[in-house]
$ cat coords_8.txt   # compact mmCIF, C-alpha atoms
# COMPACT_ATOMS: atom_id res chain seq x y z
CA MET O 23 31.51 5.92 -94.04
CA ASN O 24 34.24 7.58 -92.04
CA ASN O 25 33.46 6.87 -88.40
CA THR O 26 35.84 9.42 -86.96
CA LYS O 27 33.88 12.31 -88.43
CA VAL O 28 30.43 11.09 -87.48
CA THR O 29 29.46 12.04 -83.94
CA ASP O 30 27.91 9.63 -81.48
CA ALA O 31 24.75 11.70 -81.52
CA THR O 32 24.45 11.26 -85.31
CA LEU O 33 25.03 7.53 -85.04
CA VAL O 34 22.40 7.26 -82.33
CA ARG O 35 19.95 9.18 -84.51
CA ASP O 36 20.75 6.93 -87.48
CA TYR O 37 20.21 3.88 -85.32
CA LEU O 38 16.88 5.22 -84.11
CA ASP O 39 15.95 5.79 -87.76
CA GLY O 40 16.49 2.09 -88.39
CA ASN O 41 20.11 1.93 -89.52
CA GLU O 42 21.44 -1.13 -87.68
CA ASN O 43 24.98 -0.48 -88.92
CA ALA O 44 25.09 2.63 -86.77
CA LEU O 45 24.94 0.45 -83.67
CA GLY O 46 27.87 -1.59 -84.97
CA ALA O 47 29.82 1.63 -85.44
CA LEU O 48 29.00 2.82 -81.93
CA ILE O 49 30.02 -0.49 -80.37
CA ASN O 50 33.17 -0.62 -82.48
CA ARG O 51 34.09 2.89 -81.43
CA HIS O 52 33.67 2.41 -77.69
CA GLU O 53 34.08 -1.34 -77.05
CA HIS O 54 37.68 -1.09 -75.89
CA ARG O 55 37.04 1.69 -73.42
CA ILE O 56 33.90 0.17 -71.94
CA TYR O 57 35.27 -3.36 -71.78
CA SER O 58 38.54 -2.15 -70.19
CA PHE O 59 36.58 -0.17 -67.63
CA ILE O 60 34.54 -3.23 -66.67
CA TYR O 61 37.59 -5.49 -66.64
CA SER O 62 39.50 -3.03 -64.43
CA LYS O 63 36.77 -3.51 -61.81
CA VAL O 64 36.08 -7.24 -62.00
CA PHE O 65 39.44 -8.65 -63.22
CA ASN O 66 37.77 -11.59 -64.89
CA LYS O 67 37.34 -11.80 -68.65
CA ASP O 68 34.19 -13.94 -68.57
CA ILE O 69 32.44 -11.70 -66.07
CA ALA O 70 33.59 -8.60 -67.96
CA GLU O 71 32.17 -10.15 -71.15
CA ASP O 72 28.81 -10.79 -69.44
CA ILE O 73 28.60 -7.28 -68.03
CA PHE O 74 29.60 -5.78 -71.38
CA GLN O 75 26.83 -7.75 -73.06
CA ASP O 76 24.25 -6.78 -70.43
CA THR O 77 25.29 -3.16 -70.77
CA PHE O 78 24.58 -3.08 -74.48
CA ILE O 79 21.38 -5.07 -74.13
CA LYS O 80 20.21 -2.31 -71.81
CA VAL O 81 21.45 0.34 -74.25
CA ILE O 82 19.61 -1.28 -77.17
CA ARG O 83 16.37 -1.68 -75.23
CA THR O 84 16.46 1.90 -73.94
CA LEU O 85 17.15 3.26 -77.42
CA LYS O 86 14.46 1.17 -79.08
CA ARG O 87 11.91 2.17 -76.45
CA GLY O 88 12.67 5.79 -77.22
CA LYS O 89 13.69 6.48 -73.65
CA TYR O 90 17.17 7.74 -74.40
CA ASN O 91 17.52 11.40 -73.63
CA GLU O 92 20.01 12.71 -76.14
CA GLU O 93 22.30 15.25 -74.61
CA GLY O 94 25.34 14.41 -76.69
CA LYS O 95 26.66 12.19 -73.96
CA PHE O 96 26.40 8.68 -75.30
CA LEU O 97 29.65 7.31 -73.86
CA PRO O 98 29.20 8.66 -70.30
CA TRP O 99 25.68 7.24 -70.35
CA VAL O 100 26.89 3.78 -71.39
CA MET O 101 29.73 3.95 -68.87
CA ARG O 102 27.21 4.74 -66.15
CA ILE O 103 25.12 1.71 -67.11
CA SER O 104 28.17 -0.55 -67.03
CA HIS O 105 29.21 0.98 -63.72
CA ASN O 106 25.80 0.20 -62.21
CA LEU O 107 25.93 -3.35 -63.56
CA VAL O 108 29.38 -3.82 -61.99
CA ILE O 109 27.88 -2.74 -58.66
CA ASP O 110 25.00 -5.20 -59.16
CA HIS O 111 27.55 -7.93 -59.83
CA PHE O 112 29.39 -7.26 -56.57
CA ARG O 113 26.09 -7.08 -54.68
CA ARG O 114 25.07 -10.50 -56.02
CA ASN O 115 28.43 -11.93 -55.03
CA LYS O 116 28.04 -10.52 -51.57
CA ARG O 117 24.77 -12.39 -51.20
CA MET O 118 26.48 -15.56 -52.39
CA PRO O 119 29.90 -15.47 -50.74
CA LYS O 120 32.54 -17.69 -52.30
CA PHE O 121 34.00 -19.13 -49.10
CA ASP O 122 31.84 -21.27 -46.90
CA ASN O 123 31.95 -21.60 -43.16
CA SER O 124 32.39 -25.35 -42.94
CA GLY O 125 33.91 -25.58 -39.46
CA ASP O 126 32.43 -24.66 -36.10
CA PHE O 127 34.42 -21.50 -35.78
CA ASN O 128 34.88 -19.04 -38.57
CA ILE O 129 37.80 -16.70 -38.14
CA PHE O 130 36.18 -14.23 -40.58
CA SER O 131 33.32 -13.67 -38.17
CA VAL O 132 35.67 -12.01 -35.70
CA LEU O 133 38.21 -10.60 -38.11
CA SER O 134 37.10 -7.84 -40.37
CA ASP O 135 38.97 -5.77 -42.86
CA GLY O 136 38.46 -2.12 -42.04
CA SER O 137 39.01 -0.97 -45.59
CA LEU O 138 36.13 -0.78 -48.02
CA ASN O 139 35.57 -3.63 -50.43
CA ALA O 140 35.37 -3.01 -54.15
CA GLU O 141 31.59 -2.60 -54.16
CA LYS O 142 31.51 -0.18 -51.24
CA GLN O 143 34.40 1.79 -52.72
CA LEU O 144 32.51 2.12 -56.00
CA ILE O 145 29.36 3.25 -54.22
CA LYS O 146 31.33 5.68 -52.06
CA ASP O 147 32.99 7.19 -55.14
CA GLN O 148 29.62 7.50 -56.84
CA ILE O 149 28.02 9.18 -53.84
CA GLU O 150 30.90 11.63 -53.50
CA GLN O 151 30.65 12.44 -57.18
CA ASP O 152 26.89 13.00 -56.90
CA VAL O 153 27.29 15.20 -53.83
CA GLN O 154 29.89 17.31 -55.64
CA GLU O 155 27.35 17.90 -58.39
CA LEU O 156 24.56 18.69 -55.91
CA ILE O 157 26.46 21.30 -53.92
CA LYS O 158 26.88 23.35 -57.09
CA GLU O 159 23.20 24.22 -56.75
CA LEU O 160 23.74 25.95 -53.39
CA PRO O 161 23.89 29.75 -53.16
CA GLU O 162 27.42 31.06 -53.60
CA ASP O 163 27.99 32.10 -49.95
CA GLN O 164 26.83 28.72 -48.61
CA LEU O 165 28.80 26.80 -51.21
CA GLU O 166 31.94 28.73 -50.25
CA VAL O 167 31.63 27.92 -46.53
CA LEU O 168 30.73 24.28 -47.17
CA THR O 169 33.67 23.78 -49.55
CA MET O 170 36.13 25.34 -47.12
CA ARG O 171 34.82 23.33 -44.17
CA ILE O 172 34.36 19.92 -45.79
CA TYR O 173 36.80 19.79 -48.69
CA LYS O 174 39.54 22.09 -47.40
CA ASP O 175 39.11 21.05 -43.76
CA MET O 176 39.32 24.64 -42.52
CA SER O 177 38.10 25.67 -39.07
CA PHE O 178 35.20 28.14 -38.79
CA LYS O 179 37.67 30.69 -37.42
CA GLU O 180 39.78 30.37 -40.58
CA ILE O 181 36.66 30.50 -42.75
CA SER O 182 35.43 33.68 -41.07
CA GLU O 183 38.86 35.29 -41.56
CA ARG O 184 39.02 34.24 -45.19
CA THR O 185 35.47 35.30 -46.09
CA GLY O 186 35.41 38.41 -43.91
CA VAL O 187 32.28 37.45 -41.97
CA SER O 188 31.80 36.58 -38.31
CA ILE O 189 32.13 33.02 -37.05
CA ASN O 190 28.40 32.96 -36.30
CA THR O 191 27.57 33.95 -39.87
CA ALA O 192 29.88 31.24 -41.21
CA LEU O 193 28.21 28.71 -38.89
CA GLY O 194 24.80 29.89 -40.06
CA ARG O 195 25.77 29.55 -43.72
CA MET O 196 27.05 26.03 -43.08
CA ARG O 197 23.79 25.15 -41.36
CA TYR O 198 21.69 26.51 -44.22
CA ALA O 199 23.96 24.80 -46.75
CA LEU O 200 23.23 21.43 -45.12
CA ILE O 201 19.49 22.17 -44.84
CA ASN O 202 19.33 23.19 -48.50
CA LEU O 203 21.37 20.18 -49.55
CA ARG O 204 18.89 17.91 -47.79
CA LYS O 205 16.03 19.70 -49.56
CA ILE O 206 17.69 19.23 -52.96
CA ILE O 207 18.24 15.54 -52.22
CA GLU O 208 14.61 15.11 -51.14
CA LYS O 209 13.30 17.03 -54.14
CA ARG O 210 15.19 14.76 -56.51
CA ASN O 211 14.33 11.60 -54.60
CA LEU O 212 17.97 10.67 -54.29
CA ILE O 213 19.25 7.98 -51.98
CA LEU O 214 22.78 8.76 -50.97
CA THR O 215 23.53 5.95 -48.58
CA ASN O 216 26.06 3.20 -48.61
CA MET I 16 69.11 -0.95 -71.24
CA GLY I 17 66.57 1.08 -73.16
CA LYS I 18 64.59 -2.07 -73.84
CA ILE I 19 64.23 -2.69 -70.13
CA TYR I 20 62.90 0.78 -69.47
CA PHE I 21 60.79 1.24 -72.52
CA LYS I 22 59.28 -2.19 -72.85
CA LYS I 23 55.58 -2.00 -72.06
CA SER I 24 54.65 -3.82 -68.89
CA SER I 25 52.64 -6.98 -69.44
CA LYS I 26 49.75 -5.39 -67.51
CA GLU I 27 49.72 -2.42 -69.86
CA GLU I 28 49.84 -4.72 -72.87
CA THR I 29 46.97 -6.77 -71.49
CA PHE I 30 44.87 -3.63 -71.00
CA ASN I 31 45.52 -2.51 -74.57
CA GLN I 32 44.36 -5.85 -75.90
CA LEU I 33 41.17 -5.84 -73.90
CA ARG I 34 38.24 -6.19 -76.21
CA PRO I 35 35.06 -8.22 -76.05
CA LYS I 36 34.81 -11.38 -78.14
CA LYS I 37 33.52 -11.16 -81.70
CA GLU I 38 30.73 -13.53 -80.73
CA THR I 39 29.51 -11.08 -78.11
CA ILE I 40 29.41 -8.23 -80.61
CA GLU I 41 27.63 -10.42 -83.16
CA PHE I 42 25.13 -11.47 -80.54
CA LEU I 43 24.42 -7.83 -79.69
CA LEU I 44 23.97 -6.85 -83.33
CA ASN I 45 21.65 -9.79 -83.92
CA TYR I 46 19.76 -9.02 -80.73
CA SER I 47 19.29 -5.46 -81.91
CA LYS I 48 17.98 -6.61 -85.29
CA ALA I 49 15.62 -9.09 -83.65
CA LEU I 50 14.23 -6.75 -81.00
CA GLN I 51 11.10 -4.89 -81.88
CA VAL I 52 9.24 -2.59 -79.56
CA THR I 53 5.53 -2.28 -80.18
CA LYS I 54 3.53 0.54 -78.66
CA PHE I 55 -0.09 0.08 -77.72
CA ARG I 56 -1.74 3.06 -76.05
CA SER I 57 0.47 3.80 -73.05
CA MET I 58 2.05 0.35 -73.05
CA GLN I 59 5.15 -0.97 -74.78
CA PHE I 60 5.86 -4.57 -75.71
CA ASP I 61 9.21 -6.10 -76.57
CA THR I 62 9.22 -8.78 -79.25
CA LEU I 63 12.22 -10.88 -80.21
CA LEU I 64 11.77 -11.97 -83.79
CA ASN I 65 14.11 -14.92 -83.92
$ encode --input "coords_8.txt" --output "structure tokens"
Amino acid sequence: MNNTKVTDATLVRDYLDGNENALGALINRHEHRIYSFIYSKVFNKDIAEDIFQDTFIKVIRTLKRGKYNEEGKFLPWVMRISHNLVIDHFRRNKRMPKFDNSGDFNIFSVLSDGSLNAEKQLIKDQIEQDVQELIKELPEDQLEVLTMRIYKDMSFKEISERTGVSINTALGRMRYALINLRKIIEKRNLILTN
Amino acid sequence: MGKIYFKKSSKEETFNQLRPKKETIEFLLNYSKALQVTKFRSMQFDTLLN
């Protein structure tokens, strides 16, 4: 069987039909990419190995339970699972910090690093990505104002000049954009917090 | 001179070699073969037939 010609979707279907070799082909096809992605976040081969294994255990269980929603996006789906497991890993480590406060005074309690740690950075990236997807659902006029204000950092005066509406209209559109965005988030039960 | 510029960095080489162990893949394939999901009404049960 020539793997390069068979799509992921076909392999998934074959696997669901009971062909165990299809899973081997899927793993073989994507192992490097998924493992490298995990390793690039955790920088430890043993941990990367564990997360890789947990990722595919989850994949296998989801597939066998018939809960996989085929949209021709097998790899992004697996990457998302591994990404979530990487976040879980960092969360666990946060609960069990590696250094211990053995003395009376711990310098780390007064010193803090202002930059985000790996976990928070991952979550922040994910949230920003999700928000970028969500704003696409806004009406065109609101999306335009929101994009100019938030992503292009333009003032409302500049926005009104660019779009040819008054400042008050631009302000109103921004307000409705935020209200609608909140509604979309509520409707989908999303939690976009760090 | 060319060798200095065109030699792959060790980091790049390491990334290209990154693959999970054969044992891990074998474990996953065996796990898949052993796992059976049984449906009963609205419930699902996982069975590992090892």
$ interface_residues --input "coords_8.txt" --of "chain I" --to "chain O" --cutoff "8 Å" --atoms "all atoms listed in the file" --output "list in words"
Phe30, Leu33, Arg34, Pro35, Lys36, Thr39, Ile40, Leu43, Leu44, Tyr46, Ser47, Lys48, Leu50, Gln51, Val52 and Gln59 of chain I
$ residues_around --input "coords_8.txt" --residues "range 164-174 of chain O" --least-positions-apart "5" --cutoff "8 Å" --atoms "only C-alpha atoms" --output "short mmCIF file (atom, residue, chain, number, x, y, z; two decimals) with C-alpha atoms, in the coordinates of the input"
data_model
loop_
_atom_site.label_atom_id
_atom_site.label_comp_id
_atom_site.auth_asym_id
_atom_site.auth_seq_id
_atom_site.Cartn_x
_atom_site.Cartn_y
_atom_site.Cartn_z
CA ILE O 157 26.46 21.30 -53.92
CA LYS O 158 26.88 23.35 -57.09
CA ILE O 181 36.66 30.50 -42.75
CA ALA O 192 29.88 31.24 -41.21
CA ARG O 195 25.77 29.55 -43.72
CA MET O 196 27.05 26.03 -43.08
CA TYR O 198 21.69 26.51 -44.22
CA ALA O 199 23.96 24.80 -46.75
#
$ atom_distance --input "coords_8.txt" --atom1 "CA of Ile201 in chain O" --atom2 "CA of Glu150 in chain O"
17.8 Å
$ atom_distance --input "coords_8.txt" --atom1 "CA of Val28 in chain O" --atom2 "CA of Gln32 in chain I"
24.8 Å
$ atom_distance --input "coords_8.txt" --atom1 "CA of Leu160 in chain O" --atom2 "CA of Ile206 in chain O"
9.1 Å
$ residues_around --input "coords_8.txt" --residues "Ile109 in chain O" --least-positions-apart "5" --cutoff "9 Å" --atoms "all atoms listed in the file" --output "PyMOL selection string"
chain O and resi 104+114+140-142+144-145
$ residues_near_point --input "coords_8.txt" --point "(23.1, 10.4, -85.1)" --cutoff "12 Å" --atoms "all atoms listed in the file" --output "VMD selection string"
chain O and resid 25 27 to 45 47 to 48 92 to 96
$ closest_residue --input "coords_8.txt" --among "O:Leu97, O:Leu200, O:Ile207, O:Glu183" --to "Ile149 in chain O" --atoms "all atoms listed in the file"
O:Ile207
$ decode --input "coords_8.txt" --residues "range 35-48 of chain I" --atoms "all heavy atoms" --output "compact mmCIF listing (two decimals), in the first residue's frame"
# COMPACT_ATOMS: atom_id res chain seq x y z
N PRO I 35 9.61 9.13 18.25
CA PRO I 35 9.38 8.33 19.46
C PRO I 35 10.05 6.97 19.34
O PRO I 35 10.35 6.51 18.24
CB PRO I 35 7.86 8.20 19.50
CG PRO I 35 7.41 8.44 18.12
CD PRO I 35 8.39 9.36 17.49
N LYS I 36 10.25 6.32 20.48
CA LYS I 36 10.90 5.00 20.48
C LYS I 36 9.99 3.96 19.82
O LYS I 36 8.76 4.10 19.87
CB LYS I 36 11.17 4.57 21.92
CG LYS I 36 12.28 5.31 22.60
CD LYS I 36 12.41 4.79 24.02
CE LYS I 36 13.23 5.75 24.85
NZ LYS I 36 13.02 5.56 26.28
N LYS I 37 10.63 2.94 19.27
CA LYS I 37 9.86 1.85 18.64
C LYS I 37 8.94 1.19 19.65
O LYS I 37 7.83 0.77 19.33
CB LYS I 37 10.82 0.80 18.08
CG LYS I 37 11.34 1.15 16.70
CD LYS I 37 12.17 0.03 16.16
CE LYS I 37 12.76 0.43 14.79
NZ LYS I 37 13.74 -0.54 14.33
N GLU I 38 9.43 1.10 20.90
CA GLU I 38 8.64 0.45 21.94
C GLU I 38 7.32 1.20 22.16
O GLU I 38 6.27 0.58 22.39
CB GLU I 38 9.41 0.42 23.28
CG GLU I 38 10.61 -0.49 23.27
CD GLU I 38 11.88 0.19 22.78
OE1 GLU I 38 11.79 1.21 22.06
OE2 GLU I 38 12.97 -0.30 23.10
N THR I 39 7.41 2.52 22.09
CA THR I 39 6.20 3.33 22.30
C THR I 39 5.18 3.05 21.20
O THR I 39 3.99 2.87 21.47
CB THR I 39 6.56 4.84 22.30
OG1 THR I 39 7.64 5.03 23.22
CG2 THR I 39 5.39 5.70 22.70
N ILE I 40 5.68 3.01 19.96
CA ILE I 40 4.78 2.76 18.83
C ILE I 40 4.16 1.36 18.96
O ILE I 40 2.96 1.19 18.77
CB ILE I 40 5.54 2.86 17.48
CG1 ILE I 40 6.30 4.18 17.38
CG2 ILE I 40 4.61 2.66 16.30
CD1 ILE I 40 5.45 5.40 17.24
N GLU I 41 5.02 0.39 19.32
CA GLU I 41 4.51 -0.98 19.48
C GLU I 41 3.46 -1.06 20.56
O GLU I 41 2.43 -1.71 20.42
CB GLU I 41 5.67 -1.93 19.82
CG GLU I 41 6.28 -2.53 18.57
CD GLU I 41 7.55 -3.30 18.88
OE1 GLU I 41 7.62 -3.94 19.94
OE2 GLU I 41 8.47 -3.25 18.04
N PHE I 42 3.74 -0.33 21.66
CA PHE I 42 2.77 -0.32 22.76
C PHE I 42 1.43 0.22 22.26
O PHE I 42 0.37 -0.35 22.54
CB PHE I 42 3.28 0.55 23.92
CG PHE I 42 2.22 0.87 24.93
CD1 PHE I 42 1.87 -0.05 25.91
CD2 PHE I 42 1.53 2.08 24.89
CE1 PHE I 42 0.86 0.22 26.82
CE2 PHE I 42 0.52 2.37 25.80
CZ PHE I 42 0.18 1.43 26.77
N LEU I 43 1.49 1.32 21.50
CA LEU I 43 0.25 1.95 21.01
C LEU I 43 -0.51 1.01 20.08
O LEU I 43 -1.74 0.89 20.17
CB LEU I 43 0.58 3.26 20.29
CG LEU I 43 0.99 4.41 21.20
CD1 LEU I 43 1.57 5.57 20.40
CD2 LEU I 43 -0.19 4.90 22.03
N LEU I 44 0.22 0.32 19.21
CA LEU I 44 -0.45 -0.59 18.28
C LEU I 44 -1.08 -1.77 19.03
O LEU I 44 -2.20 -2.19 18.72
CB LEU I 44 0.55 -1.09 17.22
CG LEU I 44 1.09 0.01 16.28
CD1 LEU I 44 2.15 -0.55 15.35
CD2 LEU I 44 -0.03 0.66 15.48
N ASN I 45 -0.35 -2.26 20.04
CA ASN I 45 -0.89 -3.36 20.84
C ASN I 45 -2.09 -2.89 21.67
O ASN I 45 -3.07 -3.61 21.83
CB ASN I 45 0.18 -3.93 21.78
CG ASN I 45 1.22 -4.71 21.00
OD1 ASN I 45 0.92 -5.25 19.93
ND2 ASN I 45 2.44 -4.74 21.49
N TYR I 46 -1.97 -1.68 22.19
CA TYR I 46 -3.07 -1.11 22.97
C TYR I 46 -4.33 -1.02 22.11
O TYR I 46 -5.43 -1.38 22.54
CB TYR I 46 -2.67 0.27 23.49
CG TYR I 46 -3.77 1.02 24.20
CD1 TYR I 46 -4.07 0.75 25.54
CD2 TYR I 46 -4.52 2.00 23.55
CE1 TYR I 46 -5.09 1.42 26.19
CE2 TYR I 46 -5.54 2.67 24.19
CZ TYR I 46 -5.82 2.38 25.52
OH TYR I 46 -6.84 3.05 26.16
N SER I 47 -4.12 -0.55 20.88
CA SER I 47 -5.25 -0.40 19.96
C SER I 47 -5.91 -1.76 19.68
O SER I 47 -7.14 -1.87 19.65
CB SER I 47 -4.76 0.23 18.67
OG SER I 47 -5.74 0.12 17.68
N LYS I 48 -5.05 -2.78 19.49
CA LYS I 48 -5.60 -4.12 19.20
C LYS I 48 -6.37 -4.66 20.41
O LYS I 48 -7.36 -5.36 20.27
CB LYS I 48 -4.47 -5.08 18.83
CG LYS I 48 -3.99 -4.89 17.40
CD LYS I 48 -2.79 -5.76 17.12
CE LYS I 48 -2.11 -5.31 15.84
NZ LYS I 48 -0.75 -5.84 15.73
